[in-house]
Amino acid sequence: MCGIVGYVGPRFAAPILLDGLKRLEYRGYDSAGIAVLNQGRIEIEKCEGKLENLLAALDGRTVPGFLGLGHTRWATHGEPSQTNAHPHPDCTGRLVVVHNGIIENYASLRQELLERGHSFTSETDTEVVAHLIEEAYEGDLAEATRKALRQVRGAYAIGVFSVDEPELLVGARLFSPLVVGLGQGENYLASDIPALLPHTRRALIVEDGEVVALDRQGVRVWTLEGKEVHREPFHISWDLEAAEKGGYPHFVLKEIHEEPEAIKNALRGRLDGERLSLSEVEGLDLSQINRGCIVACGTSFYAGLVGKRLIEEWACLPMEVAIASEFRYSCPVIDPRTLVILISQSGETADTLAALRLAKERGALTLALANVMGSSITRGADRVLYLQAGPEIGVVATKTYIAELVVITLLALELARRRGLLTKGQIGEVIREVKALPSKMERVLEGEEEIARLARRYADRSSFFFIGRGVDYPTALEGALKLKEISYIHAEGYPAGELKHGPIAMLDPEVPVVALATKGAHYSKIISSIQEVRARKAQVLALATEGDEDIEADEVIYVPDTLEPLKPILSIVPWQLFAYYVARERGCDIDKPRNLAKSVTVE
Ligand code: F6R
């Protein structure tokens with residue numbers, strides 16, 4: 001995700017930048033750095049790790065200068081290290097850039113820049129922007145930035161300044177947030193409002209595809225094509241705590257609302273139109289692979305259940321899914337012909353790491369899906385597919401689950417492509433639908449009020465069942481887990497057909513049953529299960545596909561239709577919201593539920 005901050009004005013920039021970075025550290029903490037223009041020279045100070053390392057390195061020393069940029073990093077391209085920490089200079093050292101986002105075409109841009117004689121010091125995608133601006137510079141930094149960014153594909157918020165225009169800060173945005181803070185004789189640039197709050201409450205949003213130039217007197221805004229834009233400032237009414245959560249009362253709610261974006265980010269750099277381009281598995285020899293095994297814990301395990309289904313359906317590769325804590329104590333049949341896929345948002349789950357070690361000992365090919373760059377699992381696995389979801393602060397997994405589902409979907413398609421089992425046209429059809437998911441998910445989120453009302457109505461119950469079949473079954477498990485984790489209500493996820501083999505004995509009017517009844521292969525079966533449940537006088541909360549008017553339940557939540565294999569990506573969202581609002585009604589500590597930790601690093 002990364003956080004950026006910039007200052008131009010009559011005060012020393014460095015303390016303002018460091019304070020701003022502290023307020024943006026929730027956006028990433030793989031490294032931190034500042035650059036300040038000090039008497040015609042750019043001074044850069046940067047360190048790997050949290051901001052406190054940079055503060056320790058500075059040891060109270062202020063870098064003098066009245067113009068500067070700061071950055072706190074969430075690594076995407078290039079491991080977390082001092083070299084890869086921002087800001088990044090161009091070849092001449094006369095300009096410097098900070099960036100949040102992913103430059104999708106950085107590899108080809110880098111190659112072209114190298115051929116034109118530029119030299120690179122980092123492995124980041126960001127550095128190409130510095131060199132592109134360097135090439136385009138003819139005395140007007142804003143114009144050079146516009147020219148450079150017209151060559152860039154992907155997502156970015158950037159900040160840039162140059163020794164040649166010593167009172168000017170330039171920013172730009174495409175799909176990554178950027179705001180300008182307006183002061184008296186001084187101005188600010190930041191990824192997010194918390195960094196501005198100690199200084200000003202007058203701000204201006206930079207929109208996608210815009211470039212801004214700030215000096216002490218004011219701000220100008222242009223489109224990338226150079227057309228000047230008039231933008232009215234707005235007043236920030238949030239307090240600091242609300243601002244860090246983007247105005248939401250909890251990080252969990254903020255992160256649920258970030259899910260449409262999480263889908264787009266998980267796809268970033270991995271598609272070329274409707275063609276798959278998974279560079280992470282390029283060149284991997286799969287010819288000897290005859291089976292696979294997905295290993296994970298908790299929510300990631302449920303993403304694995306979905307993954308197994310997709311890989312078997314599309315790639316016809318027999319897959320097993322194992323809970324990591326059981327895996328190594330069972331007798332797993334793993335050999336060099338097995339593809340072992342490890343899923344872990346944190347990349348630090350002790351049991352999943354142990355499974356990775358075992359798989360490697362047996363000579364298996366290992367592939368990790370993880371969110372945290374440089375985490376243990378990413379260092380051990382043969383190949384890594386990052387979730388690209390940005391930091392998740394809420395302890396329970398929400399947006400990272402969505403990203404896991406998207407990435408495993410792409411992987412399943414890639415395996416099918418490699419095994420020659422899906423045609424280009426069939427893959428294109430799925431990809432078209434995956435690309436439509438963010439807007440469909442926005443529609444699901446529009447139902448939030450209705451879900452909150454439902455949650456308030458059922459918040460006093462002490463037990464829930466979640467049932468589903470086929471692709472809806474993992475959603476039943478994950479829905480139940482979310483409710484348990486944040487509202488502390490007993491909830492069980494069950495394959496709908498299993499209910500009658502025992503658990504149905506538990507049903508009575510006080511035990512609501514959430515039935516995942518999307519239109520698809522198992523629709524008529526789940527309808528029968530709903531009838532069995534209703535005959536026992538249990539209330540049914542159904543999740544149905546938009547347009548389904550036949551469904552009979554006490555409450556119905558609708559989600560847009562999509563291809564059957566993609567349904568889990570939309571169907572979980574209402575139950576994340578439901579768990580959230582039930583927990584709120586019960587006064588639970590939603591962002592930090594009791595007894596839970598974001599990374600479970602013990603066995
Ligand atoms: C659920 C949750 C846990 C994790 C599990 C695995 O909300 O947070 O169940 O999914 O501990 O964590 P990772 O994915 O980090 O390996």
# chains A, B, ... in the order shown; residues from 1 in each chain; ligands from 1

$ select_by_dssp --residues "region 75-191 of chain A" --states "alpha helix (DSSP H)" --output "list in words"
Tyr106, Ala107, Ser108, Leu109, Arg110, Gln111, Glu112, Leu113, Leu114, Glu115, Glu127, Val128, Val129, Ala130, His131, Leu132, Ile133, Glu134, Glu135, Ala136, Leu141, Ala142, Glu143, Ala144, Thr145, Arg146, Lys147, Ala148 and Leu149 of chain A

$ write_last_selection --atoms "N, CA and C atoms" --output "compact mmCIF listing (two decimals), in the first residue's frame"
# COMPACT_ATOMS: atom_id res chain seq x y z
N TYR A 106 6.53 -2.04 -15.78
CA TYR A 106 7.86 -1.55 -15.38
C TYR A 106 8.98 -2.37 -16.02
N ALA A 107 8.74 -3.68 -16.24
CA ALA A 107 9.84 -4.50 -16.76
C ALA A 107 10.25 -4.02 -18.15
N SER A 108 9.25 -3.77 -19.01
CA SER A 108 9.61 -3.33 -20.38
C SER A 108 10.16 -1.90 -20.33
N LEU A 109 9.59 -1.05 -19.46
CA LEU A 109 10.12 0.33 -19.37
C LEU A 109 11.56 0.32 -18.90
N ARG A 110 11.83 -0.54 -17.90
CA ARG A 110 13.18 -0.62 -17.34
C ARG A 110 14.18 -1.05 -18.42
N GLN A 111 13.76 -2.08 -19.20
CA GLN A 111 14.63 -2.58 -20.25
C GLN A 111 14.95 -1.47 -21.26
N GLU A 112 13.90 -0.72 -21.65
CA GLU A 112 14.11 0.36 -22.63
C GLU A 112 15.02 1.45 -22.04
N LEU A 113 14.81 1.77 -20.76
CA LEU A 113 15.63 2.81 -20.12
C LEU A 113 17.09 2.35 -20.02
N LEU A 114 17.28 1.06 -19.71
CA LEU A 114 18.66 0.54 -19.64
C LEU A 114 19.33 0.66 -21.01
N GLU A 115 18.55 0.31 -22.04
CA GLU A 115 19.11 0.39 -23.40
C GLU A 115 19.46 1.83 -23.78
N GLU A 127 11.47 3.05 -9.59
CA GLU A 127 12.63 3.77 -10.11
C GLU A 127 12.48 4.15 -11.58
N VAL A 128 11.67 3.36 -12.32
CA VAL A 128 11.50 3.72 -13.73
C VAL A 128 10.88 5.11 -13.86
N VAL A 129 10.03 5.48 -12.89
CA VAL A 129 9.36 6.78 -12.97
C VAL A 129 10.39 7.90 -12.86
N ALA A 130 11.35 7.73 -11.95
CA ALA A 130 12.39 8.75 -11.79
C ALA A 130 13.15 8.95 -13.10
N HIS A 131 13.49 7.83 -13.74
CA HIS A 131 14.27 7.95 -14.98
C HIS A 131 13.43 8.49 -16.15
N LEU A 132 12.15 8.13 -16.16
CA LEU A 132 11.28 8.66 -17.23
C LEU A 132 11.14 10.18 -17.09
N ILE A 133 11.00 10.65 -15.84
CA ILE A 133 10.86 12.10 -15.64
C ILE A 133 12.19 12.79 -16.01
N GLU A 134 13.28 12.15 -15.62
CA GLU A 134 14.61 12.68 -15.97
C GLU A 134 14.71 12.90 -17.49
N GLU A 135 14.27 11.90 -18.26
CA GLU A 135 14.35 12.00 -19.73
C GLU A 135 13.45 13.10 -20.28
N ALA A 136 12.27 13.25 -19.62
CA ALA A 136 11.26 14.18 -20.17
C ALA A 136 11.52 15.61 -19.72
N LEU A 141 8.90 20.72 -14.37
CA LEU A 141 8.77 19.42 -13.71
C LEU A 141 7.36 18.84 -13.85
N ALA A 142 6.34 19.71 -13.76
CA ALA A 142 4.97 19.21 -13.87
C ALA A 142 4.75 18.62 -15.27
N GLU A 143 5.24 19.32 -16.28
CA GLU A 143 5.08 18.84 -17.66
C GLU A 143 5.86 17.53 -17.86
N ALA A 144 7.08 17.47 -17.30
CA ALA A 144 7.89 16.25 -17.45
C ALA A 144 7.19 15.07 -16.77
N THR A 145 6.55 15.33 -15.63
CA THR A 145 5.85 14.26 -14.91
C THR A 145 4.67 13.76 -15.74
N ARG A 146 3.93 14.72 -16.32
CA ARG A 146 2.78 14.32 -17.15
C ARG A 146 3.26 13.45 -18.32
N LYS A 147 4.33 13.91 -18.95
CA LYS A 147 4.87 13.20 -20.12
C LYS A 147 5.32 11.79 -19.72
N ALA A 148 6.01 11.71 -18.58
CA ALA A 148 6.52 10.41 -18.13
C ALA A 148 5.36 9.47 -17.81
N LEU A 149 4.37 9.98 -17.12
CA LEU A 149 3.30 9.09 -16.65
C LEU A 149 2.39 8.63 -17.78

$ closest_atom_pairs --of "chain A" --to "ligand 1" --cutoff "7 Å" --atoms "only C-alpha atoms and all ligand atoms" --output "CSV"
residue,atom,partner,partner_atom_place_in_ligand_line,distance
A:Ala296,CA,ligand 1,16 (O),6.3
A:Cys297,CA,ligand 1,6 (C),4.5
A:Gly298,CA,ligand 1,9 (O),3.3
A:Thr299,CA,ligand 1,10 (O),3.7
A:Ser300,CA,ligand 1,14 (O),4.8
A:Ile343,CA,ligand 1,14 (O),6.3
A:Ser344,CA,ligand 1,14 (O),3.4
A:Gln345,CA,ligand 1,14 (O),3.8
A:Ser346,CA,ligand 1,15 (O),3.6
A:Gly347,CA,ligand 1,15 (O),5.7
A:Glu348,CA,ligand 1,15 (O),6.3
A:Thr349,CA,ligand 1,16 (O),4.6
A:Thr352,CA,ligand 1,16 (O),6.6
A:Val395,CA,ligand 1,8 (O),6.0
A:Val396,CA,ligand 1,7 (O),3.5
A:Ala397,CA,ligand 1,7 (O),3.9
A:Thr398,CA,ligand 1,7 (O),6.8
A:Leu481,CA,ligand 1,1 (C),7.0
A:Lys482,CA,ligand 1,7 (O),6.2
A:Glu485,CA,ligand 1,7 (O),6.9
A:Lys598,CA,ligand 1,8 (O),6.2
A:Ser599,CA,ligand 1,15 (O),5.5
A:Val600,CA,ligand 1,11 (O),5.8

$ residues_around --residues "Glu450 (chain A)" --least-positions-apart "6" --cutoff "10 Å" --atoms "only C-alpha atoms" --output "PyMOL selection string"
chain A and resi 557+574+578

$ closest_residue --among "A:Ile4, A:Leu267, A:Ile42, A:Leu240" --to "Pro198 (chain A)" --atoms "only C-alpha atoms"
A:Leu240

$ atom_distance --atom1 "CA of Thr126 (chain A)" --atom2 "CA of Pro87 (chain A)"
9.1 Å

$ residues_around --residues "Met441 (chain A)" --least-positions-apart "6" --cutoff "8 Å" --atoms "only C-alpha atoms" --output "PyMOL selection string"
chain A and resi 259-260+570+573

$ write_last_selection --atoms "all heavy atoms" --output "mmCIF file, in the first residue's frame"
data_model
loop_
_atom_site.group_PDB
_atom_site.id
_atom_site.type_symbol
_atom_site.label_atom_id
_atom_site.label_comp_id
_atom_site.auth_asym_id
_atom_site.auth_seq_id
_atom_site.Cartn_x
_atom_site.Cartn_y
_atom_site.Cartn_z
ATOM 1 N N GLU A 259 -12.647 -4.233 -0.501
ATOM 2 C CA GLU A 259 -12.583 -5.502 -1.243
ATOM 3 C C GLU A 259 -12.700 -5.342 -2.770
ATOM 4 O O GLU A 259 -11.974 -6.019 -3.496
ATOM 5 C CB GLU A 259 -13.606 -6.490 -0.674
ATOM 6 C CG GLU A 259 -13.118 -6.982 0.699
ATOM 7 C CD GLU A 259 -14.080 -7.878 1.444
ATOM 8 O OE1 GLU A 259 -15.245 -7.974 1.035
ATOM 9 O OE2 GLU A 259 -13.653 -8.482 2.434
ATOM 10 N N PRO A 260 -13.568 -4.455 -3.266
ATOM 11 C CA PRO A 260 -13.564 -4.293 -4.735
ATOM 12 C C PRO A 260 -12.172 -3.881 -5.247
ATOM 13 O O PRO A 260 -11.695 -4.373 -6.269
ATOM 14 C CB PRO A 260 -14.598 -3.181 -4.970
ATOM 15 C CG PRO A 260 -15.508 -3.261 -3.778
ATOM 16 C CD PRO A 260 -14.619 -3.654 -2.629
ATOM 17 N N LEU A 570 -18.161 -13.245 -4.254
ATOM 18 C CA LEU A 570 -19.236 -12.300 -3.902
ATOM 19 C C LEU A 570 -20.015 -12.754 -2.672
ATOM 20 O O LEU A 570 -20.444 -11.941 -1.855
ATOM 21 C CB LEU A 570 -20.209 -12.143 -5.082
ATOM 22 C CG LEU A 570 -19.672 -11.515 -6.364
ATOM 23 C CD1 LEU A 570 -20.774 -11.455 -7.411
ATOM 24 C CD2 LEU A 570 -19.128 -10.108 -6.110
ATOM 25 N N VAL A 573 -19.217 -11.720 1.167
ATOM 26 C CA VAL A 573 -19.235 -10.314 1.623
ATOM 27 C C VAL A 573 -20.415 -10.009 2.569
ATOM 28 O O VAL A 573 -20.210 -9.415 3.634
ATOM 29 C CB VAL A 573 -19.201 -9.355 0.406
ATOM 30 C CG1 VAL A 573 -19.223 -7.909 0.853
ATOM 31 C CG2 VAL A 573 -17.979 -9.649 -0.445
#

$ closest_atom_pairs --of "region 384-447 of chain A" --to "region 310-332 of chain A" --cutoff "12 Å" --atoms "only C-alpha atoms" --output "tab-separated table"
residue	atom	partner	partner_atom	distance
A:Leu405	CA	A:Leu310	CA	10.2
A:Val406	CA	A:Leu310	CA	11.2
A:Val407	CA	A:Leu310	CA	11.5
A:Ile408	CA	A:Leu310	CA	8.3
A:Thr409	CA	A:Leu310	CA	6.9
A:Leu410	CA	A:Leu310	CA	9.7
A:Leu411	CA	A:Ile311	CA	8.1
A:Ala412	CA	A:Ile311	CA	4.7
A:Leu413	CA	A:Trp314	CA	6.7
A:Glu414	CA	A:Ala315	CA	8.4
A:Leu415	CA	A:Ala315	CA	5.6
A:Ala416	CA	A:Ala315	CA	3.9
A:Arg417	CA	A:Ala315	CA	7.6
A:Arg418	CA	A:Ala315	CA	8.4
A:Arg419	CA	A:Ala315	CA	6.6
A:Gly420	CA	A:Ala315	CA	8.2
A:Leu421	CA	A:Ala315	CA	6.1
A:Leu422	CA	A:Trp314	CA	6.8
A:Thr423	CA	A:Trp314	CA	10.5
A:Gln426	CA	A:Trp314	CA	10.0
A:Ile427	CA	A:Trp314	CA	9.7
A:Val430	CA	A:Trp314	CA	11.0

$ closest_atom_pairs --of "region 48-103 of chain A" --to "region 213-230 of chain A" --cutoff "12 Å" --atoms "only C-alpha atoms" --output "CSV"
residue,atom,partner,partner_atom,distance
A:Phe66,CA,A:Arg216,CA,10.0
A:Leu67,CA,A:Asp215,CA,9.2
A:Gly68,CA,A:Asp215,CA,11.6

$ write_last_selection --atoms "all heavy atoms" --output "tab-separated table (two decimals), in the first residue's frame"
chain	number	residue	atom	x	y	z
A	66	PHE	N	13.49	23.19	3.24
A	66	PHE	CA	12.08	23.61	3.34
A	66	PHE	C	11.16	22.91	2.35
A	66	PHE	O	10.01	23.27	2.21
A	66	PHE	CB	12.01	25.14	3.13
A	66	PHE	CG	12.95	25.87	4.06
A	66	PHE	CD1	14.18	26.35	3.61
A	66	PHE	CD2	12.61	26.03	5.39
A	66	PHE	CE1	15.05	26.99	4.47
A	66	PHE	CE2	13.47	26.67	6.26
A	66	PHE	CZ	14.70	27.15	5.81
A	67	LEU	N	11.71	21.93	1.66
A	67	LEU	CA	10.94	21.18	0.67
A	67	LEU	C	11.35	19.72	0.80
A	67	LEU	O	12.55	19.42	0.87
A	67	LEU	CB	11.31	21.68	-0.74
A	67	LEU	CG	10.75	20.92	-1.93
A	67	LEU	CD1	9.29	21.27	-2.15
A	67	LEU	CD2	11.54	21.26	-3.19
A	68	GLY	N	10.37	18.82	0.86
A	68	GLY	CA	10.78	17.42	0.98
A	68	GLY	C	9.65	16.43	0.77
A	68	GLY	O	8.47	16.80	0.69

$ closest_atom_pairs --of "region 111-208 of chain A" --to "region 13-26 of chain A" --cutoff "8 Å" --atoms "only C-alpha atoms" --output "CSV"
residue,atom,partner,partner_atom,distance
A:Ser191,CA,A:Leu24,CA,7.8
A:Asp192,CA,A:Leu24,CA,7.3
A:Pro194,CA,A:Arg23,CA,5.9
A:Ala195,CA,A:Gly20,CA,4.3
A:Leu196,CA,A:Gly20,CA,7.2

$ write_last_selection --atoms "N, CA, C and O atoms" --output "PDB file, in the first residue's frame"
ATOM      1  N   SER A 191      -0.759  10.619   1.218  1.00  0.00           N
ATOM      2  CA  SER A 191      -1.590   9.496   0.783  1.00  0.00           C
ATOM      3  C   SER A 191      -2.935   9.520   1.474  1.00  0.00           C
ATOM      4  O   SER A 191      -3.913   8.992   0.954  1.00  0.00           O
ATOM      5  N   ASP A 192      -2.950  10.081   2.667  1.00  0.00           N
ATOM      6  CA  ASP A 192      -4.172   9.979   3.447  1.00  0.00           C
ATOM      7  C   ASP A 192      -4.248  11.142   4.444  1.00  0.00           C
ATOM      8  O   ASP A 192      -3.227  11.723   4.844  1.00  0.00           O
ATOM      9  N   PRO A 194      -4.819  11.523   7.726  1.00  0.00           N
ATOM     10  CA  PRO A 194      -4.180  11.638   9.038  1.00  0.00           C
ATOM     11  C   PRO A 194      -2.884  12.455   9.014  1.00  0.00           C
ATOM     12  O   PRO A 194      -2.582  13.167   9.971  1.00  0.00           O
ATOM     13  N   ALA A 195      -2.133  12.345   7.915  1.00  0.00           N
ATOM     14  CA  ALA A 195      -0.853  13.066   7.854  1.00  0.00           C
ATOM     15  C   ALA A 195      -1.057  14.576   7.801  1.00  0.00           C
ATOM     16  O   ALA A 195      -0.155  15.352   8.130  1.00  0.00           O
ATOM     17  N   LEU A 196      -2.237  15.020   7.377  1.00  0.00           N
ATOM     18  CA  LEU A 196      -2.492  16.463   7.232  1.00  0.00           C
ATOM     19  C   LEU A 196      -3.049  17.081   8.510  1.00  0.00           C
ATOM     20  O   LEU A 196      -2.920  18.295   8.728  1.00  0.00           O
TER      21      LEU A 196
END

$ residues_around --residues "Ala491 (chain A)" --least-positions-apart "2" --cutoff "12 Å" --atoms "only C-alpha atoms" --output "ChimeraX atom specification"
/A:461-467,476-489,493-494,503,506,511-514,579

$ closest_residue --among "A:Asn187, A:Ala544, A:Lys245, A:Leu169" --to "Glu392 (chain A)" --atoms "only C-alpha atoms"
A:Lys245

$ residues_around --residues "Gly33 (chain A)" --least-positions-apart "5" --cutoff "6 Å" --atoms "only C-alpha atoms" --output "PDB file with N, CA, C and O atoms, in the first residue's frame"
ATOM      1  N   GLU A  45      17.632  10.166   3.409  1.00  0.00           N
ATOM      2  CA  GLU A  45      17.886   9.297   4.560  1.00  0.00           C
ATOM      3  C   GLU A  45      16.856   8.194   4.499  1.00  0.00           C
ATOM      4  O   GLU A  45      15.651   8.467   4.439  1.00  0.00           O
ATOM      5  N   LYS A  46      17.298   6.920   4.502  1.00  0.00           N
ATOM      6  CA  LYS A  46      16.308   5.843   4.469  1.00  0.00           C
ATOM      7  C   LYS A  46      16.817   4.605   5.194  1.00  0.00           C
ATOM      8  O   LYS A  46      18.031   4.401   5.301  1.00  0.00           O
ATOM      9  N   GLY A  70       8.470  12.204   1.945  1.00  0.00           N
ATOM     10  CA  GLY A  70       8.725  11.043   2.801  1.00  0.00           C
ATOM     11  C   GLY A  70       7.917   9.858   2.311  1.00  0.00           C
ATOM     12  O   GLY A  70       6.919  10.008   1.593  1.00  0.00           O
ATOM     13  N   HIS A  71       8.344   8.658   2.726  1.00  0.00           N
ATOM     14  CA  HIS A  71       7.687   7.443   2.237  1.00  0.00           C
ATOM     15  C   HIS A  71       7.792   6.334   3.270  1.00  0.00           C
ATOM     16  O   HIS A  71       8.834   6.142   3.883  1.00  0.00           O
ATOM     17  N   HIS A  86      12.222   3.943  -0.574  1.00  0.00           N
ATOM     18  CA  HIS A  86      12.054   5.212  -1.282  1.00  0.00           C
ATOM     19  C   HIS A  86      12.565   6.315  -0.350  1.00  0.00           C
ATOM     20  O   HIS A  86      12.651   6.094   0.841  1.00  0.00           O
TER      21      HIS A  86
END

$ residues_around --residues "Arg357 (chain A)" --least-positions-apart "2" --cutoff "10 Å" --atoms "only C-alpha atoms" --output "number ranges by chain"
A: 328, 351-355, 359-363, 366, 377, 380-381

$ write_last_selection --atoms "C-alpha atoms" --output "PDB file, in the first residue's frame"
ATOM      1  CA  ARG A 328       2.686 -32.904   9.059  1.00  0.00           C
ATOM      2  CA  ASP A 351       2.019 -24.701  10.959  1.00  0.00           C
ATOM      3  CA  THR A 352       2.002 -23.631   7.304  1.00  0.00           C
ATOM      4  CA  LEU A 353       5.746 -22.988   7.467  1.00  0.00           C
ATOM      5  CA  ALA A 354       6.282 -26.465   8.903  1.00  0.00           C
ATOM      6  CA  ALA A 355       4.264 -27.886   5.999  1.00  0.00           C
ATOM      7  CA  ALA A 359       7.126 -30.477   1.281  1.00  0.00           C
ATOM      8  CA  LYS A 360      10.639 -29.303   0.449  1.00  0.00           C
ATOM      9  CA  GLU A 361      12.224 -32.254   2.249  1.00  0.00           C
ATOM     10  CA  ARG A 362      10.137 -34.529   0.049  1.00  0.00           C
ATOM     11  CA  GLY A 363      11.307 -32.724  -3.075  1.00  0.00           C
ATOM     12  CA  THR A 366       6.247 -25.397  -3.718  1.00  0.00           C
ATOM     13  CA  ILE A 377       6.919 -18.384   3.540  1.00  0.00           C
ATOM     14  CA  GLY A 380      11.172 -20.548   1.468  1.00  0.00           C
ATOM     15  CA  ALA A 381       8.824 -21.396  -1.396  1.00  0.00           C
TER      16      ALA A 381
END

$ closest_residue --among "A:Val559, A:Ile334, A:Leu276, A:Leu305" --to "Asn290 (chain A)" --atoms "only C-alpha atoms"
A:Ile334

$ atom_distance --atom1 "CA of Gly547 (chain A)" --atom2 "CA of Thr518 (chain A)"
10.7 Å
